[in-house]
>>> print(open('upload02.txt').read())   # compact mmCIF, C-alpha atoms
# COMPACT_ATOMS: atom_id res chain seq x y z
CA MET A 1 0.00 0.00 0.00
CA LYS A 2 1.51 3.33 -1.10
CA LYS A 3 1.92 6.00 1.57
CA ILE A 4 1.31 9.73 1.01
CA LEU A 5 2.36 12.55 3.34
CA LEU A 6 0.41 15.80 2.99
CA ILE A 7 1.96 18.91 4.59
CA GLU A 8 -0.82 21.50 4.64
CA ASP A 9 -1.72 24.08 7.29
CA ASP A 10 -5.33 24.58 6.17
CA GLN A 11 -7.33 22.02 8.13
CA ILE A 12 -10.22 21.82 5.68
CA VAL A 13 -8.08 21.38 2.57
CA ALA A 14 -5.83 18.87 4.33
CA ASN A 15 -8.69 16.67 5.44
CA VAL A 16 -10.48 16.77 2.09
CA TYR A 17 -7.34 15.54 0.32
CA ARG A 18 -6.48 13.07 3.06
CA ASN A 19 -9.93 11.51 2.92
CA LYS A 20 -9.95 11.46 -0.88
CA LEU A 21 -6.55 9.75 -0.92
CA ALA A 22 -7.79 7.20 1.59
CA VAL A 23 -10.91 6.44 -0.47
CA GLU A 24 -8.65 5.90 -3.50
CA GLY A 25 -6.66 3.32 -1.55
CA TYR A 26 -3.65 5.22 -0.25
CA LYS A 27 -2.43 5.40 3.32
CA ALA A 28 -2.34 9.13 4.04
CA GLU A 29 -0.88 11.17 6.89
CA VAL A 30 -1.29 14.93 7.40
CA ALA A 31 1.08 17.41 9.06
CA PRO A 32 0.02 21.03 9.70
CA ASP A 33 3.41 22.70 9.15
CA GLY A 34 6.90 22.12 7.83
CA GLU A 35 8.58 21.24 11.10
CA SER A 36 6.04 18.57 12.06
CA GLY A 37 5.94 17.41 8.44
CA LEU A 38 9.67 16.60 8.49
CA LYS A 39 9.25 14.69 11.76
CA VAL A 40 6.33 12.65 10.39
CA MET A 41 8.28 11.99 7.18
CA ARG A 42 11.10 10.28 9.07
CA THR A 43 8.79 7.83 10.85
CA PHE A 44 6.05 7.43 8.23
CA LYS A 45 8.52 7.04 5.31
CA PRO A 46 6.11 8.14 2.53
CA ASP A 47 6.30 7.10 -1.11
CA LEU A 48 5.25 10.62 -2.11
CA ILE A 49 4.98 14.02 -0.41
CA ILE A 50 2.44 16.75 -1.17
CA LEU A 51 3.07 20.15 0.41
CA ASP A 52 1.82 23.71 0.28
CA LEU A 53 4.56 26.24 -0.53
CA MET A 54 2.87 28.94 1.60
CA LEU A 55 3.30 27.24 4.96
CA PRO A 56 3.56 29.18 8.23
CA GLY A 57 6.92 29.04 9.97
CA ILE A 58 9.34 27.05 7.81
CA SER A 59 8.51 27.86 4.19
CA GLY A 60 7.58 25.16 1.72
CA VAL A 61 10.79 25.79 -0.24
CA ASP A 62 12.90 25.24 2.88
CA VAL A 63 10.97 22.05 3.61
CA ILE A 64 11.84 20.76 0.12
CA LYS A 65 15.51 21.56 0.73
CA GLU A 66 15.40 19.62 4.02
CA ILE A 67 13.73 16.67 2.29
CA ARG A 68 16.35 16.57 -0.46
CA ALA A 69 19.18 16.87 2.07
CA GLU A 70 18.24 13.54 3.69
CA THR A 71 19.53 10.50 1.82
CA ASP A 72 16.43 8.35 2.45
CA PHE A 73 14.14 10.96 0.85
CA ALA A 74 16.38 12.54 -1.79
CA LYS A 75 14.41 10.90 -4.61
CA VAL A 76 10.90 10.77 -3.11
CA PRO A 77 8.49 12.56 -5.50
CA VAL A 78 7.43 15.96 -4.13
CA ILE A 79 4.26 17.65 -5.42
CA VAL A 80 3.73 21.25 -4.38
CA PHE A 81 0.64 23.46 -4.21
CA SER A 82 1.30 27.04 -5.13
CA ASN A 83 -0.18 30.28 -6.43
CA THR A 84 0.40 30.93 -10.14
CA TYR A 85 0.89 34.64 -9.41
CA LEU A 86 3.91 33.86 -7.23
CA THR A 87 6.24 32.91 -10.08
CA ASN A 88 9.45 33.54 -8.12
CA LEU A 89 8.30 31.18 -5.38
CA ILE A 90 7.49 28.49 -7.94
CA GLN A 91 10.92 28.83 -9.53
CA GLU A 92 12.53 28.49 -6.10
CA ALA A 93 10.54 25.30 -5.53
CA TRP A 94 11.78 23.81 -8.82
CA ARG A 95 15.38 24.65 -7.92
CA ALA A 96 14.92 23.12 -4.46
CA GLY A 97 13.80 19.81 -5.97
CA ALA A 98 10.03 19.83 -6.50
CA ASN A 99 8.81 17.33 -9.11
CA LYS A 100 5.40 18.82 -9.90
CA CYS A 101 3.71 22.13 -9.19
CA LEU A 102 -0.09 22.43 -8.99
CA SER A 103 -2.15 25.61 -8.75
CA LYS A 104 -4.50 25.56 -5.79
CA ALA A 105 -6.95 27.79 -7.64
CA ASN A 106 -7.23 25.41 -10.62
CA CYS A 107 -6.78 22.01 -9.03
CA THR A 108 -9.51 19.57 -8.03
CA PRO A 109 -9.09 16.47 -5.82
CA LYS A 110 -9.44 14.32 -8.96
CA ASP A 111 -6.54 16.21 -10.54
CA VAL A 112 -4.41 15.53 -7.47
CA ILE A 113 -5.19 11.83 -7.53
CA ASP A 114 -4.25 11.64 -11.22
CA VAL A 115 -0.91 13.36 -10.54
CA VAL A 116 -0.23 11.11 -7.55
CA ARG A 117 -0.84 7.96 -9.62
CA HIS A 118 1.38 9.19 -12.41
CA SER A 119 4.16 10.23 -10.02
CA ILE A 120 4.44 6.88 -8.24
CA GLY A 121 3.51 4.64 -11.17
CA ASP A 122 0.15 3.58 -9.76
CA SER A 123 -2.25 2.71 -12.59
CA GLY A 124 -5.40 2.42 -10.52
CA ALA A 125 -7.02 2.67 -7.14
CA MET A 126 -6.22 0.16 -4.42
CA THR A 127 -8.25 -1.14 -1.53
CA PRO A 128 -9.79 1.80 0.38
CA VAL A 129 -8.55 2.37 3.93
CA GLN A 130 -9.74 4.50 6.81
CA PRO A 131 -8.47 8.11 6.85
CA SER A 132 -5.51 8.97 9.07
CA THR A 133 -6.21 10.38 12.51
CA PHE A 134 -3.03 12.50 12.71
CA GLN A 135 -5.10 15.72 12.66
CA ALA A 136 -8.50 16.66 14.02
CA GLU A 137 -11.54 16.36 11.79
CA PRO A 138 -12.34 19.45 9.70
CA ALA A 139 -14.90 22.06 10.70
CA MET A 140 -16.57 21.40 7.35
CA PRO A 141 -17.31 17.64 7.22
CA VAL A 142 -17.19 16.03 3.80
CA GLU A 143 -19.07 12.87 2.87
CA LEU A 144 -16.87 10.56 0.83
CA ALA A 145 -18.59 7.21 0.99
CA GLY A 146 -19.34 6.13 -2.56
CA GLY A 147 -20.53 8.39 -5.34
CA SER A 148 -18.87 9.73 -8.46
CA ASP A 149 -16.30 12.50 -8.72
CA ALA A 150 -19.09 14.80 -9.90
CA GLU A 151 -21.14 14.04 -6.79
CA PHE A 152 -18.07 14.50 -4.60
CA GLN A 153 -17.39 17.89 -6.23
CA ALA A 154 -21.02 18.92 -5.77
CA ASP A 155 -20.85 18.05 -2.06
CA LEU A 156 -17.69 20.11 -1.65
CA ARG A 157 -19.26 23.07 -3.45
CA LYS A 158 -22.42 22.90 -1.32
CA THR A 159 -20.47 22.82 1.94
CA PHE A 160 -18.19 25.64 0.81
CA ILE A 161 -21.11 27.86 -0.19
CA GLU A 162 -22.86 27.28 3.14
CA ASN A 163 -19.78 28.67 4.91
CA LEU A 164 -19.33 31.76 2.71
CA PRO A 165 -21.22 34.16 5.05
CA THR A 166 -18.82 33.27 7.87
CA THR A 167 -15.84 33.71 5.56
CA LEU A 168 -17.06 37.11 4.38
CA TYR A 169 -17.68 38.29 7.94
CA ALA A 170 -14.10 37.36 8.88
CA LEU A 171 -12.67 39.17 5.85
CA ARG A 172 -14.68 42.33 6.50
CA SER A 173 -13.75 42.31 10.17
CA GLY A 174 -10.09 41.93 9.24
CA LEU A 175 -10.36 44.80 6.77
CA GLN A 176 -11.92 47.08 9.40
CA THR A 177 -9.09 46.26 11.80
CA LEU A 178 -6.54 47.06 9.08
CA VAL A 179 -8.14 50.41 8.25
CA LYS A 180 -8.28 51.39 11.92
CA ALA A 181 -4.72 50.27 12.72
CA GLU A 182 -2.77 53.14 14.26
CA ASN A 183 0.82 52.12 13.49
CA GLU A 184 2.88 50.14 11.01
CA MET A 185 3.28 47.07 13.23
CA ALA A 186 -0.48 46.79 13.76
CA ARG A 187 -1.12 47.20 10.01
CA LEU A 188 1.52 44.60 9.18
CA LYS A 189 0.02 42.11 11.63
CA GLN A 190 -3.45 42.56 10.16
CA VAL A 191 -2.20 42.25 6.58
CA TYR A 192 -0.70 38.89 7.57
CA GLU A 193 -4.00 37.77 9.14
CA LEU A 194 -5.86 38.71 5.96
CA TYR A 195 -3.23 36.91 3.89
CA ARG A 196 -3.75 33.66 5.79
CA GLN A 197 -7.56 34.00 5.50
CA VAL A 198 -7.40 34.57 1.74
CA HIS A 199 -4.85 31.76 1.38
CA ALA A 200 -7.38 29.40 2.95
CA LEU A 201 -10.16 30.80 0.75
CA ASN A 202 -8.07 30.17 -2.36
CA GLY A 203 -7.54 26.52 -1.46
CA ASN A 204 -11.14 25.90 -0.41
CA ALA A 205 -12.59 27.52 -3.54
CA GLY A 206 -10.21 25.52 -5.71
CA ILE A 207 -11.21 22.13 -4.32
CA ALA A 208 -14.89 23.17 -4.54
CA GLY A 209 -14.49 23.92 -8.24
CA LEU A 210 -15.51 27.59 -7.88
CA ALA A 211 -13.07 28.95 -10.45
CA GLN A 212 -13.89 32.66 -10.34
CA ILE A 213 -13.68 32.90 -6.55
CA ALA A 214 -10.46 30.88 -6.56
CA HIS A 215 -8.96 33.00 -9.35
CA MET A 216 -9.78 36.25 -7.56
CA ALA A 217 -8.57 34.89 -4.21
CA SER A 218 -5.33 33.73 -5.83
CA ALA A 219 -4.47 37.22 -7.11
CA PHE A 220 -5.59 38.81 -3.84
CA GLU A 221 -3.46 36.38 -1.84
CA ALA A 222 -0.40 37.32 -3.94
CA LEU A 223 -1.05 41.03 -3.33
CA LEU A 224 -1.34 40.56 0.43
CA LYS A 225 1.82 38.44 0.51
CA GLU A 226 3.82 41.07 -1.39
CA VAL A 227 2.52 43.93 0.75
CA TYR A 228 3.34 41.96 3.91
CA GLU A 229 6.87 41.20 2.73
CA LYS A 230 7.42 44.82 1.64
CA PRO A 231 5.71 46.94 4.36
CA LYS A 232 6.56 50.22 2.64
CA ASN A 233 3.82 49.31 0.15
CA ILE A 234 1.13 49.41 2.84
CA ASN A 235 -0.23 52.78 1.76
CA ALA A 236 -3.51 54.46 0.85
CA SER A 237 -3.47 52.99 -2.67
CA SER A 238 -2.87 49.37 -1.62
CA ILE A 239 -5.36 49.59 1.25
CA ARG A 240 -8.01 50.91 -1.17
CA THR A 241 -7.30 47.97 -3.46
CA ILE A 242 -7.49 45.51 -0.54
CA ALA A 243 -10.84 47.01 0.48
CA ALA A 244 -12.13 46.78 -3.11
CA ALA A 245 -11.05 43.12 -3.29
CA VAL A 246 -12.89 42.23 -0.08
CA ASP A 247 -15.97 44.07 -1.32
CA PHE A 248 -15.86 42.29 -4.67
CA LEU A 249 -15.41 38.88 -3.04
CA GLY A 250 -18.69 39.58 -1.24
CA LEU A 251 -20.34 40.06 -4.64
CA LEU A 252 -18.76 36.87 -5.98
CA PHE A 253 -19.93 34.95 -2.92
CA ASP A 254 -23.47 36.15 -3.66
CA LYS A 255 -23.57 36.00 -7.47
CA GLY A 256 -20.65 33.86 -8.62
CA THR A 257 -21.24 30.38 -7.20
CA LEU A 258 -23.50 28.87 -9.87
CA PRO A 259 -21.91 26.26 -12.18
CA ASP A 260 -22.47 28.46 -15.27
CA LYS A 261 -20.54 31.34 -13.63
CA GLN A 262 -17.20 29.52 -13.31
CA GLU A 263 -15.64 30.23 -16.70
CA ILE A 264 -12.94 32.93 -16.59
CA PRO A 265 -13.96 35.40 -19.32
CA VAL A 266 -11.83 36.22 -22.34
CA THR A 267 -11.16 39.94 -22.15
CA LYS A 268 -10.06 42.82 -24.34
CA ILE A 269 -8.42 45.71 -22.49
CA LEU A 270 -7.15 49.04 -23.82
CA VAL A 271 -4.11 50.73 -22.25
CA VAL A 272 -3.42 54.37 -23.16
CA ASP A 273 -0.24 56.01 -21.86
CA ASP A 274 2.35 58.18 -23.63
CA GLU A 275 5.17 56.71 -21.49
CA ALA A 276 6.51 53.46 -23.01
CA ILE A 277 7.83 52.10 -19.69
CA SER A 278 4.50 52.70 -17.98
CA ARG A 279 2.60 50.99 -20.80
CA ARG A 280 4.86 47.94 -20.61
CA ALA A 281 4.40 47.77 -16.85
CA ILE A 282 0.60 47.81 -17.15
CA VAL A 283 0.61 45.21 -19.93
CA TYR A 284 2.92 42.97 -17.86
CA ALA A 285 0.60 43.25 -14.85
CA LEU A 286 -2.38 42.29 -17.02
CA GLU A 287 -0.53 39.35 -18.55
CA LYS A 288 -0.03 37.91 -15.05
CA ALA A 289 -3.78 37.27 -15.03
CA ARG A 290 -3.81 36.20 -18.70
CA LEU A 291 -5.75 39.34 -19.60
CA LYS A 292 -5.19 40.38 -23.21
CA SER A 293 -4.66 44.04 -23.98
CA VAL A 294 -3.98 46.57 -26.73
CA ASN A 295 -1.73 49.50 -25.84
CA LEU A 296 -1.38 52.93 -27.48
CA GLU A 297 0.55 56.10 -26.72
CA ASP A 298 -1.65 58.52 -28.70
CA PRO A 299 -5.02 59.42 -27.09
CA GLU A 300 -6.44 60.50 -30.47
CA GLN A 301 -5.71 57.07 -31.95
CA ALA A 302 -7.16 55.50 -28.81
CA LEU A 303 -10.41 57.42 -29.23
CA GLN A 304 -10.69 56.23 -32.83
CA LEU A 305 -10.07 52.63 -31.73
CA LEU A 306 -12.68 52.98 -29.00
CA ALA A 307 -15.20 54.29 -31.54
CA GLU A 308 -14.68 51.20 -33.71
CA ASN A 309 -14.31 48.48 -31.06
CA GLU A 310 -15.71 47.31 -27.75
CA PHE A 311 -13.40 46.87 -24.77
CA ASP A 312 -14.00 45.28 -21.38
CA LEU A 313 -11.74 47.68 -19.47
CA VAL A 314 -9.69 50.82 -20.19
CA PHE A 315 -6.56 52.04 -18.39
CA LEU A 316 -5.78 55.72 -18.96
CA ASP A 317 -2.83 57.88 -18.05
CA VAL A 318 -3.93 61.38 -17.01
CA ASP A 319 -1.12 63.66 -18.13
CA MET A 320 -0.83 63.06 -21.90
CA PRO A 321 -0.01 65.54 -24.69
CA GLY A 322 -2.87 66.69 -26.93
CA MET A 323 -5.64 65.18 -24.83
CA THR A 324 -5.65 64.41 -21.11
CA GLY A 325 -6.94 61.14 -19.76
CA TYR A 326 -9.89 62.97 -18.25
CA GLU A 327 -10.83 64.43 -21.63
CA LEU A 328 -10.47 61.04 -23.33
CA CYS A 329 -12.65 59.44 -20.66
CA ALA A 330 -15.38 62.04 -21.13
CA LYS A 331 -15.33 61.45 -24.89
CA LEU A 332 -15.43 57.66 -24.66
CA ARG A 333 -18.44 57.96 -22.36
CA ALA A 334 -20.27 59.60 -25.27
CA LEU A 335 -19.79 56.43 -27.35
CA PRO A 336 -22.88 54.18 -27.11
CA HIS A 337 -20.93 50.97 -26.43
CA HIS A 338 -18.63 52.55 -23.83
CA LYS A 339 -21.11 54.31 -21.56
CA LYS A 340 -20.45 51.77 -18.80
CA THR A 341 -17.04 50.36 -19.72
CA PRO A 342 -14.85 50.38 -16.55
CA VAL A 343 -12.13 53.05 -16.72
CA VAL A 344 -9.11 53.11 -14.38
CA PHE A 345 -6.80 56.14 -14.28
CA VAL A 346 -3.10 55.38 -13.78
CA THR A 347 -1.09 58.47 -12.87
CA SER A 348 1.52 59.89 -10.56
CA LEU A 349 -0.87 62.74 -9.74
CA ASN A 350 -2.50 60.91 -6.86
CA ASP A 351 -3.75 63.70 -4.62
CA PHE A 352 -7.40 63.99 -3.60
CA ASP A 353 -8.29 66.65 -6.21
CA ASN A 354 -7.21 64.38 -9.05
CA ARG A 355 -9.19 61.45 -7.66
CA THR A 356 -12.21 63.77 -7.63
CA SER A 357 -11.48 64.81 -11.22
CA SER A 358 -11.25 61.17 -12.31
CA THR A 359 -14.74 60.51 -10.94
CA MET A 360 -16.18 63.65 -12.52
CA ALA A 361 -14.72 62.62 -15.88
CA GLY A 362 -16.48 59.27 -15.68
CA GLY A 363 -13.70 57.11 -14.27
CA ASN A 364 -14.34 54.10 -12.06
CA ASP A 365 -11.03 53.76 -10.24
CA PHE A 366 -7.63 55.29 -9.63
CA ILE A 367 -4.14 53.91 -9.01
CA GLY A 368 -1.01 55.98 -8.44
CA LYS A 369 2.44 55.49 -9.98
CA PRO A 370 4.62 53.75 -9.04
CA PHE A 371 2.26 50.80 -8.54
CA LEU A 372 2.73 47.17 -7.58
CA PHE A 373 2.22 44.91 -10.60
CA ILE A 374 -0.02 42.59 -8.60
CA GLU A 375 -2.07 45.52 -7.28
CA LEU A 376 -2.93 46.55 -10.83
CA THR A 377 -3.67 42.90 -11.65
CA VAL A 378 -6.14 42.71 -8.76
CA LYS A 379 -7.84 45.94 -9.84
CA ALA A 380 -8.19 44.65 -13.40
CA LEU A 381 -9.73 41.36 -12.25
CA ILE A 382 -12.19 43.18 -9.99
CA HIS A 383 -13.47 45.39 -12.81
CA VAL A 384 -13.51 42.71 -15.53
CA LEU A 385 -15.26 40.06 -13.43
CA ARG A 386 -17.72 42.55 -11.92
CA ALA A 387 -18.69 43.82 -15.38
CA ARG A 388 -19.27 40.25 -16.58
CA LEU A 389 -21.41 39.44 -13.55
CA GLN A 390 -23.50 42.56 -14.07
CA SER A 391 -23.87 41.83 -17.78
CA ALA A 392 -24.98 38.26 -17.08
CA ARG A 393 -27.52 39.52 -14.55
CA LEU A 394 -28.98 41.99 -17.09
CA HIS A 395 -29.27 39.30 -19.76
CA SER A 396 -31.00 36.93 -17.33
CA ASN A 397 -33.67 39.50 -16.39
>>> encode(input="upload02.txt", output="structure tokens")
Amino acid sequence: MKKILLIEDDQIVANVYRNKLAVEGYKAEVAPDGESGLKVMRTFKPDLIILDLMLPGISGVDVIKEIRAETDFAKVPVIVFSNTYLTNLIQEAWRAGANKCLSKANCTPKDVIDVVRHSIGDSGAMTPVQPSTFQAEPAMPVELAGGSDAEFQADLRKTFIENLPTTLYALRSGLQTLVKAENEMARLKQVYELYRQVHALNGNAGIAGLAQIAHMASAFEALLKEVYEKPKNINASSIRTIAAAVDFLGLLFDKGTLPDKQEIPVTKILVVDDEAISRRAIVYALEKARLKSVNLEDPEQALQLLAENEFDLVFLDVDMPGMTGYELCAKLRALPHHKKTPVVFVTSLNDFDNRTSSTMAGGNDFIGKPFLFIELTVKALIHVLRARLQSARLHSN
């Protein structure tokens, strides 16, 4: 009987995978962090290890290094869960000795089982065994006796959805604490708490097959991680984006849980900025979320393109020669198919008066230069996914 060690700090995710592995005939143990995972590894002697890279305490990358440093486990297959927005972390995991990297946002329990079988040369399920008792049972019980993968996925989704009000309450409470924090240490602590909450949300939404929530949570998790690791970026702009992300997750929890709402939309975004470096930065940030864009430096050409084409989102610089971003926004609002297209101003002129001007010109949002790539990515996802939800609601009425 093949043995699997799962190192995962999220109790719900850990127990779902542990139970699924047991039903498929594997002997599974769970450890809640890297330090205990290494101890269990030495006594349990697994044939394969699955671990989350975003572990508390010892990082997942350091755990991989420790595994590879021990002769008995130097060649044991290691599968890691990660966040596709954290590309540097994934590269570190490969260099440390990971064999396979899976995205928590896009990975179902069935996917994990398929990868496990392939990694240890197991062509089919073995005799089911009882789940391990290394860790306490999850707060969200999951029925696994019998049934197809589709039924199993439906049960996970139902349980996840039932717990969304509690999740949203915790996120909003955490946001309020962050906004009211009086010093940098208090803000940093609360950013970390939000990061761990969203990390759990990402994993839970992924196993429940709720792609849009998982996708949004994945980008949001990456933003919170970067802000936590670089505290100088905890500023008015990033806090506004964090607040907008929590608010939008509430909308997704309410409107984005139906099976027909899980497809990530194909988008067309227009970026208008006379500075080449700024345009490249915005396009790069959009590409992180696989959002396609067209970029122009001339606002007159942009207006012509807007007149001839529909776009899902527009990013505008403010201070451009010939026509300001505010003027371009006012003109695009006169176009029938762009009356409600989301517009985000990207500018170094980030004082209150300019934010007021952006709203008066018809803009929806504002981000100041220099910006975090992942912050702009999160803003783009919020506006694109919200617009699609609103459009779907109008068509259904």
>>> closest_residue(input="upload02.txt", among="A:Lys292, A:Lys379, A:Leu303, A:Met185", to="Val246 of chain A", atoms="all atoms listed in the file")
A:Lys379
>>> residues_near_point(input="upload02.txt", point="(-7.3, 28.8, -8.1)", cutoff="7 Å", atoms="all atoms listed in the file", output="VMD selection string")
chain A and resid 103 to 107 202 206 211 214 to 215 218
>>> residues_near_point(input="upload02.txt", point="(-12.0, 35.4, 2.1)", cutoff="9 Å", atoms="all atoms listed in the file", output="JSON, numbers by chain")
{"A": [164, 167, 168, 169, 170, 171, 172, 194, 197, 198, 199, 200, 201, 202, 217, 246, 249, 250]}
>>> closest_residue(input="upload02.txt", among="A:Met54, A:Leu48, A:Ile113, A:Ala74", to="Lys20 of chain A", atoms="all atoms listed in the file")
A:Ile113
>>> closest_residue(input="upload02.txt", among="A:Val271, A:Leu224, A:Ile50, A:Ile161", to="Val191 of chain A", atoms="only C-alpha atoms")
A:Leu224
>>> closest_residue(input="upload02.txt", among="A:Lys232, A:His383, A:Arg117, A:Arg187", to="Leu251 of chain A", atoms="only C-alpha atoms")
A:His383
>>> atom_distance(input="upload02.txt", atom1="atom CA of Asp319 of chain A", atom2="atom CA of Phe345 of chain A")
10.2 Å
>>> atom_distance(input="upload02.txt", atom1="atom CA of Met1 of chain A", atom2="atom CA of Ala208 of chain A")
27.9 Å
>>> closest_residue(input="upload02.txt", among="A:Thr87, A:Thr43, A:Gln11, A:Gln390", to="Ala222 of chain A", atoms="only C-alpha atoms")
A:Thr87
>>> atom_distance(input="upload02.txt", atom1="atom CA of Glu275 of chain A", atom2="atom CA of Phe366 of chain A")
17.5 Å
>>> closest_residue(input="upload02.txt", among="A:Gln190, A:Thr108, A:Asn183, A:Ser348", to="Val13 of chain A", atoms="all atoms listed in the file")
A:Thr108
>>> residues_around(input="upload02.txt", residues="Leu270 of chain A", least_positions_apart="5", cutoff="10 Å", atoms="only C-alpha atoms", output="list of chain:residue names")
A:Val283, A:Lys292, A:Ser293, A:Val294, A:Asn295, A:Leu296, A:Ala302, A:Leu305, A:Leu306, A:Glu310, A:Phe311, A:Asp312, A:Leu313, A:Val314, A:Phe315, A:Leu316, A:Val343
>>> residues_around(input="upload02.txt", residues="Lys65 of chain A", least_positions_apart="2", cutoff="10 Å", atoms="all atoms listed in the file", output="VMD selection string")
chain A and resid 60 to 63 67 to 70 74 93 95 to 98
>>> residues_around(input="upload02.txt", residues="Ala245 of chain A", least_positions_apart="3", cutoff="7 Å", atoms="only C-alpha atoms", output="list of chain:residue names")
A:Phe220, A:Thr241, A:Ile242, A:Phe248, A:Leu249, A:Ile382
